[in-house]
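**Q** Take this structure first; my questions come after.
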Amino acid sequence: MEQTSLRITEIFYSLQGESSTVGLPTVFVRLTGCPLRCHYCDTEYAFYGGERKSLQQILNEVDAFQMPRVCVTGGEPLAQKACLELLSTLCDQGYAVSLETAGALSVAEVDSRVVKVMDLKTPASGEAHRNLYDNIACLTDQDQLKFVICDRRDYEWARLKLDELSLPGRVGEILFSPSHGTLNAADLAEWILADRLPVRFQLQLHKLLWKDQPGH
């Protein structure tokens with residue numbers, strides 16, 4: 001365990017801002033680095049820098065919060081190969097573990113105990129061409145698929161993907177989020193209702209409460 005290390009931007013305790021556990025106190029382990037450059041990214045500070053920490057150091061910091069839920073996020077956590085060992089070790093320690101991933105890197109080797117919250121990048125993100133659609137087959141009914149919607153074109157694209165990829169019933173939750181500060185949230189809500197989409201509308205709680213402050 002001591003020989004494994006990862007580059008960490010921050011480890012902090014906050015409320016989960018997204019997913020089916022939104023609002024629940026959670027420990028976040030934010031890994032450094034990301035191969036994508038989405039136009040709406042709110043964690044550019046995690047692209048570079050960070051501090052290399054051993055797996056044991058990370059576990060010690062997580063343990064200190066005495067909180068059963070841990071979210072491994074980034075950047076893109078899977079950009080560091082040792083992320084897979086971190087996820088499994090956290091599960092071994094009895095934590096309820098979730099992974100936030102952009103969907104551009106394979107999730108095939110992620111521990112089956114981990115709840116995967118995976119993006120499908122829309123056209124307005126600028127990174128839709130990076131979607132690794134083979135990942136869809138790796139998702140189960142405990143996992144969640146997230147679309148961040150920037151405009152009507154994004155919405156129509158996402159709506160078509162629901163049918164094209166037979167997503168309803170394939171994953172536990174399909175999440176539609178308005179890009180904060182870009183799309184009026186009420187507009188997206190009305191579109192979902194009008195089309196009777198089988199998705200969960202969500203706002204990014206952390207942005208409403210703390211904007212883009214690190215540590216939240």
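Lettering and numbering for the structure tokens are positional, with chains as A, B, ... in the shown order, residues counted from 1 in each chain, and ligands counted from 1 in the shown order.
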What lies within 12 Å of Gln66 of chain A using only C-alpha atoms, ignoring chain neighbours under 6 positions off, as a list in words?
**A** Phe12, Tyr13, Pro25, Thr26, Val27, Leu59, Asn60, Gly94 and Tyr95 of chain A
**Q** With N, CA, C and O atoms retained, could you export that selection as a compact mmCIF listing (two decimals), in the first residue's frame?
**A**
# COMPACT_ATOMS: atom_id res chain seq x y z
N PHE A 12 -11.38 16.90 1.00
CA PHE A 12 -12.21 17.81 1.79
C PHE A 12 -13.56 17.17 2.10
O PHE A 12 -13.96 16.16 1.51
N TYR A 13 -14.27 17.79 3.01
CA TYR A 13 -15.58 17.33 3.49
C TYR A 13 -16.60 18.39 3.12
O TYR A 13 -16.44 19.57 3.42
N PRO A 25 -23.68 14.72 3.34
CA PRO A 25 -22.27 14.97 3.69
C PRO A 25 -21.39 13.86 3.15
O PRO A 25 -21.71 12.67 3.27
N THR A 26 -20.27 14.25 2.54
CA THR A 26 -19.40 13.32 1.81
C THR A 26 -17.95 13.80 1.90
O THR A 26 -17.70 15.00 1.93
N VAL A 27 -17.02 12.87 1.94
CA VAL A 27 -15.60 13.21 1.81
C VAL A 27 -15.22 13.10 0.34
O VAL A 27 -15.52 12.09 -0.32
N LEU A 59 -5.73 7.53 2.85
CA LEU A 59 -6.67 6.84 3.74
C LEU A 59 -6.71 7.49 5.11
O LEU A 59 -7.79 7.64 5.70
N ASN A 60 -5.56 7.90 5.62
CA ASN A 60 -5.52 8.54 6.94
C ASN A 60 -6.33 9.83 6.94
O ASN A 60 -7.05 10.13 7.90
N GLY A 94 -14.57 -0.33 3.88
CA GLY A 94 -15.97 -0.24 4.28
C GLY A 94 -16.69 1.02 3.87
O GLY A 94 -17.85 1.23 4.25
N TYR A 95 -16.04 1.87 3.07
CA TYR A 95 -16.68 3.11 2.64
C TYR A 95 -17.67 2.85 1.50
O TYR A 95 -17.49 1.92 0.70
**Q** Could you list, as an mmCIF file with N, CA, C and O atoms, in the first residue's frame, every residue within 9 Å of Ala82 of chain A, counting only C-alpha atoms and ignoring same-chain residues fewer than 4 positions away?
**A**
data_model
loop_
_atom_site.group_PDB
_atom_site.id
_atom_site.type_symbol
_atom_site.label_atom_id
_atom_site.label_comp_id
_atom_site.auth_asym_id
_atom_site.auth_seq_id
_atom_site.Cartn_x
_atom_site.Cartn_y
_atom_site.Cartn_z
ATOM 1 N N THR A 4 2.173 2.668 -3.385
ATOM 2 C CA THR A 4 1.251 3.317 -4.312
ATOM 3 C C THR A 4 1.051 4.768 -3.909
ATOM 4 O O THR A 4 0.831 5.070 -2.738
ATOM 5 N N SER A 5 1.136 5.670 -4.888
ATOM 6 C CA SER A 5 0.886 7.080 -4.607
ATOM 7 C C SER A 5 0.110 7.708 -5.752
ATOM 8 O O SER A 5 0.138 7.209 -6.877
ATOM 9 N N LEU A 6 -0.575 8.795 -5.438
ATOM 10 C CA LEU A 6 -1.351 9.527 -6.437
ATOM 11 C C LEU A 6 -1.123 11.014 -6.224
ATOM 12 O O LEU A 6 -0.809 11.460 -5.115
ATOM 13 N N LEU A 78 -9.551 8.845 -13.389
ATOM 14 C CA LEU A 78 -9.030 7.663 -14.069
ATOM 15 C C LEU A 78 -7.805 7.952 -14.922
ATOM 16 O O LEU A 78 -7.187 7.029 -15.445
ATOM 17 N N LEU A 86 -6.908 2.824 -5.472
ATOM 18 C CA LEU A 86 -7.503 3.681 -4.451
ATOM 19 C C LEU A 86 -8.977 3.336 -4.255
ATOM 20 O O LEU A 86 -9.454 3.187 -3.120
ATOM 21 N N LEU A 87 -9.712 3.193 -5.347
ATOM 22 C CA LEU A 87 -11.139 2.884 -5.265
ATOM 23 C C LEU A 87 -11.378 1.561 -4.544
ATOM 24 O O LEU A 87 -12.225 1.461 -3.647
#
**Q** I need the residues in segment 44-124 of chain A that are strand (DSSP E) according to DSSP; give them as number ranges by chain.
**A** A: 51-54, 69-73, 96-101, 115-119
**Q** Let me see the file: selected residues, C-alpha atoms, as a PDB file, in the first residue's frame.
**A**
ATOM      1  CA  GLU A  51       0.687  16.959  -4.059  1.00  0.00           C
ATOM      2  CA  ARG A  52       1.820  13.369  -4.384  1.00  0.00           C
ATOM      3  CA  LYS A  53       0.509  11.324  -1.480  1.00  0.00           C
ATOM      4  CA  SER A  54       0.818   7.662  -0.615  1.00  0.00           C
ATOM      5  CA  ARG A  69     -19.352   8.228   2.030  1.00  0.00           C
ATOM      6  CA  VAL A  70     -16.355   8.980  -0.190  1.00  0.00           C
ATOM      7  CA  CYS A  71     -16.432  10.472  -3.692  1.00  0.00           C
ATOM      8  CA  VAL A  72     -13.323  10.189  -5.877  1.00  0.00           C
ATOM      9  CA  THR A  73     -13.339  13.007  -8.403  1.00  0.00           C
ATOM     10  CA  ALA A  96     -19.594   3.722   0.275  1.00  0.00           C
ATOM     11  CA  VAL A  97     -17.549   4.875  -2.715  1.00  0.00           C
ATOM     12  CA  SER A  98     -18.576   6.802  -5.824  1.00  0.00           C
ATOM     13  CA  LEU A  99     -16.491   7.818  -8.819  1.00  0.00           C
ATOM     14  CA  GLU A 100     -17.114  10.926 -10.913  1.00  0.00           C
ATOM     15  CA  THR A 101     -15.705  10.375 -14.387  1.00  0.00           C
ATOM     16  CA  VAL A 115     -20.973   3.643  -7.932  1.00  0.00           C
ATOM     17  CA  LYS A 116     -19.936   5.183 -11.239  1.00  0.00           C
ATOM     18  CA  VAL A 117     -21.327   8.642 -12.030  1.00  0.00           C
ATOM     19  CA  MET A 118     -20.312   9.049 -15.663  1.00  0.00           C
ATOM     20  CA  ASP A 119     -20.759  11.941 -18.057  1.00  0.00           C
TER      21      ASP A 119
END
**Q** Would you list the contacts of Glu127 of chain A as a PDB file with N, CA and C atoms, in the first residue's frame, taking every protein, DNA or RNA residue within 7 Å and counting only C-alpha atoms, but skipping same-chain residues closer than 6 positions in sequence?
**A**
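Output contents, as saved in part-v8.pdb:
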ATOM      1  N   LEU A  36      -9.300  16.205 -20.703  1.00  0.00           N
ATOM      2  CA  LEU A  36     -10.355  16.940 -21.399  1.00  0.00           C
ATOM      3  C   LEU A  36     -10.284  18.420 -21.041  1.00  0.00           C
ATOM      4  N   CYS A  38     -13.352  20.738 -21.183  1.00  0.00           N
ATOM      5  CA  CYS A  38     -14.742  21.134 -21.416  1.00  0.00           C
ATOM      6  C   CYS A  38     -14.899  22.638 -21.216  1.00  0.00           C
ATOM      7  N   LYS A 121     -20.529  13.604 -22.714  1.00  0.00           N
ATOM      8  CA  LYS A 121     -20.271  14.996 -23.068  1.00  0.00           C
ATOM      9  C   LYS A 121     -21.108  15.420 -24.265  1.00  0.00           C
TER      10      LYS A 121
END
**Q** Skipping near chain neighbours, those fewer than 2 positions away, what residues fall within 7 Å of segment 42-44 of chain A using only C-alpha atoms, listed as number ranges by chain?
**A** A: 40, 46-47, 75, 212
**Q** Take the residues from that selection and write them out as a PDB file, in the first residue's frame, keeping C-alpha atoms.
**A**
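Listed below is the output, selection.pdb:
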ATOM      1  CA  TYR A  40     -17.823  24.832 -18.729  1.00  0.00           C
ATOM      2  CA  ALA A  46      -7.136  20.563 -10.668  1.00  0.00           C
ATOM      3  CA  PHE A  47      -5.503  20.282 -14.100  1.00  0.00           C
ATOM      4  CA  GLY A  75     -10.038  16.547 -12.909  1.00  0.00           C
ATOM      5  CA  ASP A 212     -16.545  27.495  -7.783  1.00  0.00           C
TER       6      ASP A 212
END
**Q** Please determine, counting only C-alpha atoms, which residue among A:Ala124, A:Leu15, A:Leu24, A:Val114 has the shortest atom-to-atom distance to Arg37 of chain A.
**A**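 Of all the options, A:Ala124 lies closest to Arg37 of chain A.
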